>>> print(open('run-v9.cif').read())   # mmCIF, N, CA and C atoms and all ligand atoms
data_query
#
loop_
_atom_site.label_atom_id
_atom_site.label_comp_id
_atom_site.auth_asym_id
_atom_site.auth_seq_id
_atom_site.Cartn_x
_atom_site.Cartn_y
_atom_site.Cartn_z
N MET A 58 39.36 38.61 -24.20
CA MET A 58 38.62 37.62 -25.04
C MET A 58 39.27 37.53 -26.42
N ALA A 59 39.19 36.39 -27.01
CA ALA A 59 39.85 36.18 -28.31
C ALA A 59 39.26 37.05 -29.41
N LYS A 60 40.11 37.30 -30.41
CA LYS A 60 39.68 38.09 -31.56
C LYS A 60 39.53 37.15 -32.76
N ILE A 61 38.37 37.18 -33.38
CA ILE A 61 38.06 36.25 -34.48
C ILE A 61 38.05 36.99 -35.81
N ALA A 62 38.78 36.46 -36.80
CA ALA A 62 38.75 36.97 -38.17
C ALA A 62 37.58 36.32 -38.89
N PHE A 63 36.72 37.12 -39.50
CA PHE A 63 35.61 36.59 -40.30
C PHE A 63 35.84 36.93 -41.76
N ALA A 64 35.57 35.98 -42.64
CA ALA A 64 35.69 36.23 -44.08
C ALA A 64 34.70 35.36 -44.83
N GLY A 65 34.20 35.88 -45.94
CA GLY A 65 33.31 35.09 -46.77
C GLY A 65 32.99 35.84 -48.05
N ASP A 66 32.47 35.11 -49.02
CA ASP A 66 32.05 35.77 -50.27
C ASP A 66 30.55 36.09 -50.19
N HIS A 67 29.96 36.46 -51.33
CA HIS A 67 28.55 36.83 -51.35
C HIS A 67 27.64 35.70 -50.85
N ALA A 68 28.03 34.46 -51.15
CA ALA A 68 27.19 33.33 -50.74
C ALA A 68 27.19 33.16 -49.22
N GLY A 69 28.22 33.67 -48.58
CA GLY A 69 28.31 33.54 -47.12
C GLY A 69 27.99 34.82 -46.38
N TYR A 70 27.62 35.86 -47.12
CA TYR A 70 27.47 37.18 -46.51
C TYR A 70 26.47 37.20 -45.35
N GLU A 71 25.28 36.66 -45.57
CA GLU A 71 24.25 36.69 -44.53
C GLU A 71 24.67 35.86 -43.32
N LEU A 72 25.25 34.72 -43.58
CA LEU A 72 25.67 33.85 -42.47
C LEU A 72 26.82 34.50 -41.70
N LYS A 73 27.71 35.13 -42.41
CA LYS A 73 28.83 35.82 -41.73
C LYS A 73 28.29 36.88 -40.78
N LYS A 74 27.36 37.68 -41.29
CA LYS A 74 26.77 38.74 -40.47
C LYS A 74 26.15 38.14 -39.20
N HIS A 75 25.40 37.09 -39.40
CA HIS A 75 24.73 36.44 -38.27
C HIS A 75 25.75 35.91 -37.25
N LEU A 76 26.77 35.22 -37.73
CA LEU A 76 27.74 34.62 -36.80
C LEU A 76 28.62 35.67 -36.13
N MET A 77 28.89 36.75 -36.86
CA MET A 77 29.68 37.83 -36.24
C MET A 77 28.89 38.46 -35.10
N ASP A 78 27.61 38.74 -35.33
CA ASP A 78 26.76 39.31 -34.27
C ASP A 78 26.72 38.38 -33.07
N ARG A 79 26.62 37.11 -33.37
CA ARG A 79 26.55 36.11 -32.32
C ARG A 79 27.85 36.09 -31.51
N ALA A 80 28.99 36.13 -32.23
CA ALA A 80 30.29 36.11 -31.56
C ALA A 80 30.44 37.35 -30.66
N VAL A 81 29.99 38.49 -31.16
CA VAL A 81 30.08 39.73 -30.35
C VAL A 81 29.21 39.58 -29.10
N SER A 82 28.02 39.02 -29.28
CA SER A 82 27.14 38.87 -28.11
C SER A 82 27.71 37.86 -27.11
N MET A 83 28.61 37.01 -27.56
CA MET A 83 29.27 36.05 -26.66
C MET A 83 30.51 36.67 -26.01
N GLY A 84 30.86 37.88 -26.42
CA GLY A 84 32.00 38.56 -25.80
C GLY A 84 33.27 38.55 -26.62
N TYR A 85 33.25 37.95 -27.80
CA TYR A 85 34.43 37.92 -28.66
C TYR A 85 34.61 39.26 -29.35
N GLU A 86 35.89 39.55 -29.66
CA GLU A 86 36.18 40.67 -30.54
C GLU A 86 36.16 40.10 -31.96
N VAL A 87 35.66 40.85 -32.93
CA VAL A 87 35.63 40.33 -34.29
C VAL A 87 36.28 41.32 -35.25
N LYS A 88 36.87 40.79 -36.31
CA LYS A 88 37.38 41.64 -37.39
C LYS A 88 36.78 41.10 -38.68
N ASP A 89 36.09 41.95 -39.40
CA ASP A 89 35.39 41.55 -40.62
C ASP A 89 36.25 41.86 -41.85
N PHE A 90 36.70 40.80 -42.52
CA PHE A 90 37.53 40.98 -43.71
C PHE A 90 36.70 41.01 -45.00
N GLY A 91 35.37 41.05 -44.85
CA GLY A 91 34.51 41.13 -46.02
C GLY A 91 34.11 39.74 -46.51
N THR A 92 33.31 39.73 -47.50
CA THR A 92 32.78 40.79 -48.29
C THR A 92 31.70 41.57 -47.53
N PHE A 93 31.31 42.71 -48.06
CA PHE A 93 30.44 43.59 -47.30
C PHE A 93 29.06 43.77 -47.94
N SER A 94 28.73 42.92 -48.91
CA SER A 94 27.38 42.96 -49.51
C SER A 94 27.14 41.61 -50.20
N GLU A 95 25.94 41.47 -50.76
CA GLU A 95 25.63 40.22 -51.47
C GLU A 95 26.00 40.30 -52.95
N ASP A 96 26.70 41.34 -53.36
CA ASP A 96 27.14 41.44 -54.76
C ASP A 96 28.18 40.35 -55.05
N SER A 97 28.09 39.79 -56.22
CA SER A 97 28.99 38.70 -56.59
C SER A 97 30.45 39.14 -56.48
N CYS A 98 31.27 38.29 -55.89
CA CYS A 98 32.68 38.65 -55.67
C CYS A 98 33.52 37.37 -55.67
N ASP A 99 34.82 37.52 -55.43
CA ASP A 99 35.76 36.40 -55.49
C ASP A 99 36.31 36.11 -54.10
N TYR A 100 36.04 34.91 -53.58
CA TYR A 100 36.40 34.58 -52.19
C TYR A 100 37.90 34.75 -51.86
N PRO A 101 38.84 34.57 -52.80
CA PRO A 101 40.25 34.74 -52.39
C PRO A 101 40.57 36.17 -51.92
N ASP A 102 39.80 37.15 -52.44
CA ASP A 102 40.06 38.53 -52.06
C ASP A 102 39.85 38.76 -50.56
N TYR A 103 39.04 37.93 -49.95
CA TYR A 103 38.74 38.08 -48.52
C TYR A 103 39.46 37.01 -47.70
N ALA A 104 39.68 35.87 -48.32
CA ALA A 104 40.34 34.77 -47.60
C ALA A 104 41.81 35.09 -47.30
N HIS A 105 42.52 35.64 -48.27
CA HIS A 105 43.96 35.89 -48.04
C HIS A 105 44.22 36.87 -46.90
N PRO A 106 43.54 38.03 -46.86
CA PRO A 106 43.78 38.93 -45.73
C PRO A 106 43.40 38.31 -44.38
N ALA A 107 42.34 37.54 -44.35
CA ALA A 107 41.94 36.91 -43.08
C ALA A 107 42.99 35.88 -42.66
N ALA A 108 43.49 35.12 -43.61
CA ALA A 108 44.53 34.13 -43.30
C ALA A 108 45.79 34.83 -42.77
N GLU A 109 46.15 35.93 -43.40
CA GLU A 109 47.34 36.66 -42.95
C GLU A 109 47.16 37.19 -41.53
N ALA A 110 45.96 37.62 -41.20
CA ALA A 110 45.70 38.14 -39.85
C ALA A 110 45.82 37.03 -38.80
N VAL A 111 45.39 35.82 -39.16
CA VAL A 111 45.52 34.70 -38.22
C VAL A 111 46.98 34.27 -38.13
N GLU A 112 47.65 34.20 -39.26
CA GLU A 112 49.07 33.80 -39.26
C GLU A 112 49.92 34.77 -38.45
N SER A 113 49.62 36.04 -38.57
CA SER A 113 50.46 37.06 -37.91
C SER A 113 50.12 37.19 -36.43
N GLY A 114 48.99 36.63 -36.01
CA GLY A 114 48.58 36.75 -34.62
C GLY A 114 47.70 37.96 -34.35
N ASP A 115 47.43 38.73 -35.39
CA ASP A 115 46.52 39.87 -35.20
C ASP A 115 45.14 39.37 -34.78
N CYS A 116 44.74 38.23 -35.33
CA CYS A 116 43.51 37.56 -34.88
C CYS A 116 43.90 36.20 -34.32
N ASP A 117 43.13 35.74 -33.32
CA ASP A 117 43.49 34.47 -32.67
C ASP A 117 43.10 33.26 -33.52
N PHE A 118 41.99 33.37 -34.21
CA PHE A 118 41.55 32.30 -35.11
C PHE A 118 40.50 32.90 -36.04
N GLY A 119 39.97 32.08 -36.95
CA GLY A 119 39.04 32.63 -37.92
C GLY A 119 37.82 31.75 -38.14
N ILE A 120 36.81 32.37 -38.73
CA ILE A 120 35.61 31.66 -39.19
C ILE A 120 35.33 32.18 -40.60
N ALA A 121 35.25 31.26 -41.56
CA ALA A 121 35.12 31.67 -42.96
C ALA A 121 34.05 30.83 -43.64
N MET A 122 33.50 31.38 -44.71
CA MET A 122 32.46 30.64 -45.42
C MET A 122 32.33 31.10 -46.86
N CYS A 123 31.92 30.16 -47.71
CA CYS A 123 31.46 30.50 -49.05
C CYS A 123 30.32 29.53 -49.33
N GLY A 124 29.86 29.45 -50.56
CA GLY A 124 28.69 28.62 -50.84
C GLY A 124 28.90 27.18 -50.40
N THR A 125 29.95 26.57 -50.91
CA THR A 125 30.25 25.19 -50.55
C THR A 125 31.26 25.09 -49.41
N GLY A 126 32.01 26.13 -49.20
CA GLY A 126 33.13 26.11 -48.25
C GLY A 126 34.42 25.67 -48.90
N ASN A 127 34.31 25.05 -50.06
CA ASN A 127 35.53 24.49 -50.68
C ASN A 127 36.49 25.56 -51.18
N GLY A 128 35.98 26.53 -51.93
CA GLY A 128 36.88 27.53 -52.51
C GLY A 128 37.63 28.31 -51.46
N ILE A 129 36.92 28.72 -50.44
CA ILE A 129 37.59 29.54 -49.42
C ILE A 129 38.54 28.69 -48.58
N GLN A 130 38.17 27.44 -48.34
CA GLN A 130 39.07 26.57 -47.59
C GLN A 130 40.35 26.31 -48.39
N MET A 131 40.22 26.06 -49.69
CA MET A 131 41.40 25.82 -50.53
C MET A 131 42.34 27.02 -50.47
N THR A 132 41.75 28.21 -50.54
CA THR A 132 42.55 29.43 -50.51
C THR A 132 43.25 29.60 -49.17
N LEU A 133 42.52 29.46 -48.11
CA LEU A 133 43.09 29.63 -46.76
C LEU A 133 44.24 28.67 -46.53
N ASN A 134 44.07 27.45 -46.99
CA ASN A 134 45.09 26.43 -46.71
C ASN A 134 46.35 26.58 -47.57
N LYS A 135 46.37 27.53 -48.48
CA LYS A 135 47.62 27.85 -49.18
C LYS A 135 48.61 28.52 -48.25
N HIS A 136 48.11 29.06 -47.15
CA HIS A 136 48.98 29.74 -46.18
C HIS A 136 49.56 28.69 -45.23
N GLN A 137 50.88 28.68 -45.11
CA GLN A 137 51.56 27.63 -44.35
C GLN A 137 51.12 27.55 -42.89
N GLY A 138 50.75 28.69 -42.34
CA GLY A 138 50.37 28.69 -40.92
C GLY A 138 48.90 28.44 -40.68
N ILE A 139 48.17 28.17 -41.73
CA ILE A 139 46.71 28.01 -41.58
C ILE A 139 46.31 26.54 -41.68
N ARG A 140 45.44 26.16 -40.76
CA ARG A 140 44.79 24.85 -40.84
C ARG A 140 43.28 25.14 -40.83
N ALA A 141 42.73 25.23 -42.03
CA ALA A 141 41.31 25.57 -42.20
C ALA A 141 40.52 24.28 -42.42
N ALA A 142 39.48 24.08 -41.63
CA ALA A 142 38.71 22.83 -41.67
C ALA A 142 37.27 23.09 -42.08
N LEU A 143 36.85 22.44 -43.15
CA LEU A 143 35.47 22.53 -43.63
C LEU A 143 34.58 21.60 -42.81
N CYS A 144 33.61 22.18 -42.12
CA CYS A 144 32.78 21.39 -41.20
C CYS A 144 31.31 21.63 -41.47
N TRP A 145 30.56 20.58 -41.60
CA TRP A 145 29.12 20.69 -41.86
C TRP A 145 28.30 20.01 -40.78
N GLN A 146 28.96 19.53 -39.74
CA GLN A 146 28.24 19.06 -38.56
C GLN A 146 29.14 19.28 -37.34
N PRO A 147 28.55 19.42 -36.16
CA PRO A 147 29.33 19.78 -34.97
C PRO A 147 30.47 18.82 -34.66
N GLU A 148 30.24 17.52 -34.87
CA GLU A 148 31.28 16.54 -34.53
C GLU A 148 32.55 16.79 -35.33
N LEU A 149 32.41 17.23 -36.56
CA LEU A 149 33.60 17.52 -37.38
C LEU A 149 34.36 18.71 -36.81
N ALA A 150 33.63 19.68 -36.31
CA ALA A 150 34.28 20.87 -35.73
C ALA A 150 35.02 20.49 -34.44
N VAL A 151 34.43 19.63 -33.64
CA VAL A 151 35.09 19.18 -32.40
C VAL A 151 36.41 18.49 -32.76
N LEU A 152 36.36 17.58 -33.71
CA LEU A 152 37.57 16.84 -34.08
C LEU A 152 38.59 17.73 -34.80
N ALA A 153 38.08 18.71 -35.55
CA ALA A 153 39.00 19.63 -36.23
C ALA A 153 39.82 20.41 -35.21
N LYS A 154 39.23 20.71 -34.05
CA LYS A 154 39.97 21.40 -32.99
C LYS A 154 40.77 20.40 -32.17
N GLU A 155 40.14 19.31 -31.74
CA GLU A 155 40.82 18.36 -30.84
C GLU A 155 42.03 17.71 -31.50
N HIS A 156 41.90 17.35 -32.76
CA HIS A 156 42.97 16.59 -33.43
C HIS A 156 43.84 17.45 -34.34
N ASN A 157 43.23 18.44 -35.00
CA ASN A 157 43.97 19.21 -36.03
C ASN A 157 44.30 20.62 -35.60
N ASN A 158 43.84 21.01 -34.43
CA ASN A 158 44.01 22.39 -33.95
C ASN A 158 43.70 23.39 -35.07
N ALA A 159 42.59 23.15 -35.75
CA ALA A 159 42.19 24.02 -36.87
C ALA A 159 42.12 25.46 -36.38
N ASN A 160 42.80 26.35 -37.09
CA ASN A 160 42.76 27.76 -36.66
C ASN A 160 41.79 28.59 -37.52
N ILE A 161 41.17 27.96 -38.50
CA ILE A 161 40.03 28.61 -39.17
C ILE A 161 38.93 27.55 -39.39
N LEU A 162 37.76 27.87 -38.89
CA LEU A 162 36.59 27.03 -39.11
C LEU A 162 35.93 27.49 -40.40
N VAL A 163 35.68 26.55 -41.31
CA VAL A 163 35.06 26.90 -42.59
C VAL A 163 33.67 26.25 -42.68
N LEU A 164 32.71 27.03 -43.13
CA LEU A 164 31.32 26.55 -43.20
C LEU A 164 30.80 26.62 -44.64
N PRO A 165 30.02 25.62 -45.05
CA PRO A 165 29.40 25.63 -46.39
C PRO A 165 28.05 26.33 -46.31
N ALA A 166 28.05 27.65 -46.53
CA ALA A 166 26.88 28.47 -46.22
C ALA A 166 25.60 28.03 -46.94
N ARG A 167 25.74 27.50 -48.16
CA ARG A 167 24.53 27.13 -48.92
C ARG A 167 24.01 25.73 -48.58
N PHE A 168 24.71 25.05 -47.69
CA PHE A 168 24.35 23.65 -47.42
C PHE A 168 24.01 23.37 -45.96
N ILE A 169 24.03 24.41 -45.14
CA ILE A 169 23.65 24.21 -43.73
C ILE A 169 22.66 25.29 -43.33
N THR A 170 21.81 24.96 -42.35
CA THR A 170 20.88 25.97 -41.83
C THR A 170 21.65 26.88 -40.87
N ARG A 171 21.04 27.99 -40.57
CA ARG A 171 21.62 28.92 -39.60
C ARG A 171 21.76 28.24 -38.23
N GLU A 172 20.76 27.44 -37.89
CA GLU A 172 20.79 26.75 -36.60
C GLU A 172 21.95 25.76 -36.55
N MET A 173 22.18 25.07 -37.67
CA MET A 173 23.31 24.14 -37.72
C MET A 173 24.63 24.90 -37.64
N ALA A 174 24.70 26.05 -38.30
CA ALA A 174 25.93 26.86 -38.24
C ALA A 174 26.21 27.27 -36.80
N ASP A 175 25.18 27.64 -36.07
CA ASP A 175 25.36 28.02 -34.65
C ASP A 175 25.94 26.85 -33.87
N LYS A 176 25.38 25.67 -34.11
CA LYS A 176 25.84 24.48 -33.36
C LYS A 176 27.29 24.16 -33.70
N ILE A 177 27.64 24.29 -34.97
CA ILE A 177 29.02 24.00 -35.40
C ILE A 177 29.98 25.01 -34.79
N MET A 178 29.59 26.28 -34.82
CA MET A 178 30.44 27.32 -34.24
C MET A 178 30.63 27.06 -32.74
N ASP A 179 29.56 26.75 -32.03
CA ASP A 179 29.68 26.48 -30.58
C ASP A 179 30.59 25.29 -30.33
N ALA A 180 30.45 24.25 -31.13
CA ALA A 180 31.28 23.05 -30.95
C ALA A 180 32.75 23.39 -31.15
N TYR A 181 33.02 24.20 -32.17
CA TYR A 181 34.41 24.61 -32.45
C TYR A 181 34.96 25.46 -31.30
N LEU A 182 34.16 26.40 -30.81
CA LEU A 182 34.64 27.31 -29.77
C LEU A 182 34.87 26.58 -28.44
N GLU A 183 34.08 25.56 -28.19
CA GLU A 183 34.19 24.88 -26.89
C GLU A 183 35.26 23.79 -26.88
N ALA A 184 35.59 23.23 -28.02
CA ALA A 184 36.55 22.11 -28.06
C ALA A 184 37.96 22.61 -27.77
N LYS A 185 38.80 21.69 -27.27
CA LYS A 185 40.19 22.03 -26.95
C LYS A 185 41.13 21.09 -27.70
N PHE A 186 42.23 21.63 -28.18
CA PHE A 186 43.24 20.81 -28.85
C PHE A 186 43.83 19.81 -27.85
N GLU A 187 43.99 18.58 -28.28
CA GLU A 187 44.49 17.54 -27.38
C GLU A 187 46.00 17.44 -27.35
N GLY A 188 46.69 18.04 -28.30
CA GLY A 188 48.16 18.00 -28.29
C GLY A 188 48.69 16.58 -28.49
N GLY A 189 49.85 16.28 -27.88
CA GLY A 189 50.42 14.94 -27.94
C GLY A 189 50.70 14.49 -29.36
N ARG A 190 50.21 13.31 -29.70
CA ARG A 190 50.47 12.76 -31.03
C ARG A 190 49.90 13.66 -32.14
N HIS A 191 48.86 14.39 -31.81
CA HIS A 191 48.26 15.28 -32.82
C HIS A 191 49.17 16.47 -33.11
N GLN A 192 49.90 16.93 -32.09
CA GLN A 192 50.86 18.01 -32.33
C GLN A 192 51.95 17.52 -33.28
N ARG A 193 52.43 16.30 -33.03
CA ARG A 193 53.47 15.74 -33.91
C ARG A 193 52.99 15.71 -35.36
N ARG A 194 51.73 15.35 -35.55
CA ARG A 194 51.18 15.24 -36.91
C ARG A 194 51.01 16.60 -37.56
N ILE A 195 50.49 17.56 -36.81
CA ILE A 195 50.28 18.86 -37.45
C ILE A 195 51.62 19.56 -37.70
N ASP A 196 52.64 19.21 -36.90
CA ASP A 196 53.99 19.77 -37.17
C ASP A 196 54.51 19.34 -38.54
N LYS A 197 53.99 18.22 -39.06
CA LYS A 197 54.45 17.70 -40.35
C LYS A 197 53.64 18.24 -41.54
N ILE A 198 52.65 19.05 -41.29
CA ILE A 198 51.79 19.54 -42.39
C ILE A 198 52.48 20.57 -43.28
N PRO A 199 53.15 21.58 -42.71
CA PRO A 199 53.68 22.65 -43.59
C PRO A 199 54.68 22.14 -44.61
N VAL A 200 54.67 22.74 -45.79
CA VAL A 200 55.65 22.45 -46.83
C VAL A 200 56.83 23.36 -46.57
N LYS A 201 58.00 22.78 -46.42
CA LYS A 201 59.18 23.59 -46.02
C LYS A 201 59.67 24.44 -47.18
C1 LIG B 1 29.81 31.29 -55.53
O1 LIG B 1 28.76 31.14 -56.42
C2 LIG B 1 30.41 29.94 -55.18
O2 LIG B 1 31.08 29.42 -56.26
C3 LIG B 1 31.33 30.08 -53.98
O3 LIG B 1 30.63 30.62 -52.93
C4 LIG B 1 31.94 28.80 -53.46
O4 LIG B 1 30.98 27.82 -53.27
C5 LIG B 1 33.14 28.32 -54.17
O5 LIG B 1 33.80 27.36 -53.75
#
>>> encode(input="run-v9.cif", output="C-alpha cells")
Amino acid sequence: MAKIAFAGDHAGYELKKHLMDRAVSMGYEVKDFGTFSEDSCDYPDYAHPAAEAVESGDCDFGIAMCGTGNGIQMTLNKHQGIRAALCWQPELAVLAKEHNNANILVLPARFITREMADKIMDAYLEAKFEGGRHQRRIDKIPVK
C-alpha cells in the first residue's frame, strides 16, 4: 500500500491527526512530518521535509494543510518535483489528479469541515492521472 507524507502547521494539526488516522484505517502507511501540537509554528519547517520525502520517493505522495492552505502550498511548490494542489471541494481534487497528477493534496484547514476534508481526500485517492496531453503539460512545469 502507498506511503503518504503528512505535514501541517498548528492550524492544520487536528485535521492532520484525523486524516492520518483515517488513512491508516484505509490501509495506507503514513509518515508524519509534523507539526506535533497546536503550538504556533512555521509551516515551511514541516513542508520542506515532506516535499523532499515525496521528491525522493520515500513517500508516494503527500497530504498537507495549514489555515488557508496557501502558505504550505507555496512552500511545497518551490520544490521542482512537487505539484501541490490546494483543493476545497472534491471536484478540484479529482481534476488535480486527473489533469495535473498532483503529488501533494493541500487542504485549507480553517475553511472546510472535517466531513468535507474526508470527501476531498477520498476524491483525490480514487482519481487516476489521465496522462496524454496532460503529461506533456506537466513536463513543462519545472524551471530548468
Ligand atoms: C497561521 O495562523 C496561518 O497563517 C497559516 O496556517 C496559513 O494559513 C498560512 O498560509
>>> residues_near_ligand(input="run-v9.cif", ligand="ligand LIG 1 (chain B)", cutoff="9 Å", atoms="only C-alpha atoms and all ligand atoms", output="number ranges by chain")
A: 65-69, 97-100, 122-131, 165-167
>>> write_last_selection(input="run-v9.cif", atoms="N, CA and C atoms", output="compact mmCIF listing (two decimals), in the frame of the given file")
# COMPACT_ATOMS: atom_id res chain seq x y z
N GLY A 65 34.20 35.88 -45.94
CA GLY A 65 33.31 35.09 -46.77
C GLY A 65 32.99 35.84 -48.05
N ASP A 66 32.47 35.11 -49.02
CA ASP A 66 32.05 35.77 -50.27
C ASP A 66 30.55 36.09 -50.19
N HIS A 67 29.96 36.46 -51.33
CA HIS A 67 28.55 36.83 -51.35
C HIS A 67 27.64 35.70 -50.85
N ALA A 68 28.03 34.46 -51.15
CA ALA A 68 27.19 33.33 -50.74
C ALA A 68 27.19 33.16 -49.22
N GLY A 69 28.22 33.67 -48.58
CA GLY A 69 28.31 33.54 -47.12
C GLY A 69 27.99 34.82 -46.38
N SER A 97 28.09 39.79 -56.22
CA SER A 97 28.99 38.70 -56.59
C SER A 97 30.45 39.14 -56.48
N CYS A 98 31.27 38.29 -55.89
CA CYS A 98 32.68 38.65 -55.67
C CYS A 98 33.52 37.37 -55.67
N ASP A 99 34.82 37.52 -55.43
CA ASP A 99 35.76 36.40 -55.49
C ASP A 99 36.31 36.11 -54.10
N TYR A 100 36.04 34.91 -53.58
CA TYR A 100 36.40 34.58 -52.19
C TYR A 100 37.90 34.75 -51.86
N MET A 122 33.50 31.38 -44.71
CA MET A 122 32.46 30.64 -45.42
C MET A 122 32.33 31.10 -46.86
N CYS A 123 31.92 30.16 -47.71
CA CYS A 123 31.46 30.50 -49.05
C CYS A 123 30.32 29.53 -49.33
N GLY A 124 29.86 29.45 -50.56
CA GLY A 124 28.69 28.62 -50.84
C GLY A 124 28.90 27.18 -50.40
N THR A 125 29.95 26.57 -50.91
CA THR A 125 30.25 25.19 -50.55
C THR A 125 31.26 25.09 -49.41
N GLY A 126 32.01 26.13 -49.20
CA GLY A 126 33.13 26.11 -48.25
C GLY A 126 34.42 25.67 -48.90
N ASN A 127 34.31 25.05 -50.06
CA ASN A 127 35.53 24.49 -50.68
C ASN A 127 36.49 25.56 -51.18
N GLY A 128 35.98 26.53 -51.93
CA GLY A 128 36.88 27.53 -52.51
C GLY A 128 37.63 28.31 -51.46
N ILE A 129 36.92 28.72 -50.44
CA ILE A 129 37.59 29.54 -49.42
C ILE A 129 38.54 28.69 -48.58
N GLN A 130 38.17 27.44 -48.34
CA GLN A 130 39.07 26.57 -47.59
C GLN A 130 40.35 26.31 -48.39
N MET A 131 40.22 26.06 -49.69
CA MET A 131 41.40 25.82 -50.53
C MET A 131 42.34 27.02 -50.47
N PRO A 165 30.02 25.62 -45.05
CA PRO A 165 29.40 25.63 -46.39
C PRO A 165 28.05 26.33 -46.31
N ALA A 166 28.05 27.65 -46.53
CA ALA A 166 26.88 28.47 -46.22
C ALA A 166 25.60 28.03 -46.94
N ARG A 167 25.74 27.50 -48.16
CA ARG A 167 24.53 27.13 -48.92
C ARG A 167 24.01 25.73 -48.58
>>> atom_distance(input="run-v9.cif", atom1="atom C of Leu143 in chain A", atom2="atom N of Gly119 in chain A")
13.2 Å
>>> residues_near_point(input="run-v9.cif", point="(45.4, 34.1, -29.1)", cutoff="6 Å", atoms="only N, CA and C atoms", output="tab-separated table (two decimals) with N, CA and C atoms, in the coordinates of the input")
chain	number	residue	atom	x	y	z
A	59	ALA	N	39.19	36.39	-27.01
A	59	ALA	CA	39.85	36.18	-28.31
A	59	ALA	C	39.26	37.05	-29.41
A	116	CYS	N	44.74	38.23	-35.33
A	116	CYS	CA	43.51	37.56	-34.88
A	116	CYS	C	43.90	36.20	-34.32
A	117	ASP	N	43.13	35.74	-33.32
A	117	ASP	CA	43.49	34.47	-32.67
A	117	ASP	C	43.10	33.26	-33.52
>>> atom_distance(input="run-v9.cif", atom1="atom C of Thr170 in chain A", atom2="CA of Tyr103 in chain A")
21.8 Å
>>> atom_distance(input="run-v9.cif", atom1="atom C of Ala104 in chain A", atom2="atom C of Gly188 in chain A")
27.3 Å
>>> residues_around(input="run-v9.cif", residues="range 136-139 of chain A", least_positions_apart="3", cutoff="6 Å", atoms="only N, CA and C atoms", output="VMD selection string")
chain A and resid 112 132 to 133 160 199 to 200
>>> closest_residue(input="run-v9.cif", among="A:His156, A:Tyr181, A:Lys176, A:Phe168", to="Arg194 in chain A", atoms="only N, CA and C atoms")
A:His156
>>> closest_residue(input="run-v9.cif", among="A:Leu152, A:Val111, A:Ile120, A:Met58", to="Met178 in chain A", atoms="only C-alpha atoms")
A:Ile120
>>> select_by_dssp(input="run-v9.cif", residues="chain A", states="alpha helix (DSSP H)", output="JSON, numbers by chain")
{"A": [70, 71, 72, 73, 74, 75, 76, 77, 78, 79, 80, 81, 82, 101, 102, 103, 104, 105, 106, 107, 108, 109, 110, 111, 112, 113, 127, 128, 129, 130, 131, 132, 133, 147, 148, 149, 150, 151, 152, 153, 154, 155, 171, 172, 173, 174, 175, 176, 177, 178, 179, 180, 181, 182, 183, 190, 191, 192, 193, 194, 195, 196]}
>>> closest_residue(input="run-v9.cif", among="A:Arg171, A:Lys60, A:Lys135, A:Arg190", to="Val87 in chain A", atoms="all atoms listed in the file")
A:Lys60
>>> closest_residue(input="run-v9.cif", among="A:Lys185, A:Asn134, A:Asp96, A:Lys197", to="Ala153 in chain A", atoms="all atoms listed in the file")
A:Lys185
>>> closest_residue(input="run-v9.cif", among="A:Pro101, A:Val163, A:Ala62, A:Glu155", to="Glu86 in chain A", atoms="only C-alpha atoms")
A:Ala62
>>> closest_residue(input="run-v9.cif", among="A:Ile195, A:Ala174, A:Ala180, A:Leu76", to="Asn157 in chain A", atoms="all atoms listed in the file")
A:Ile195
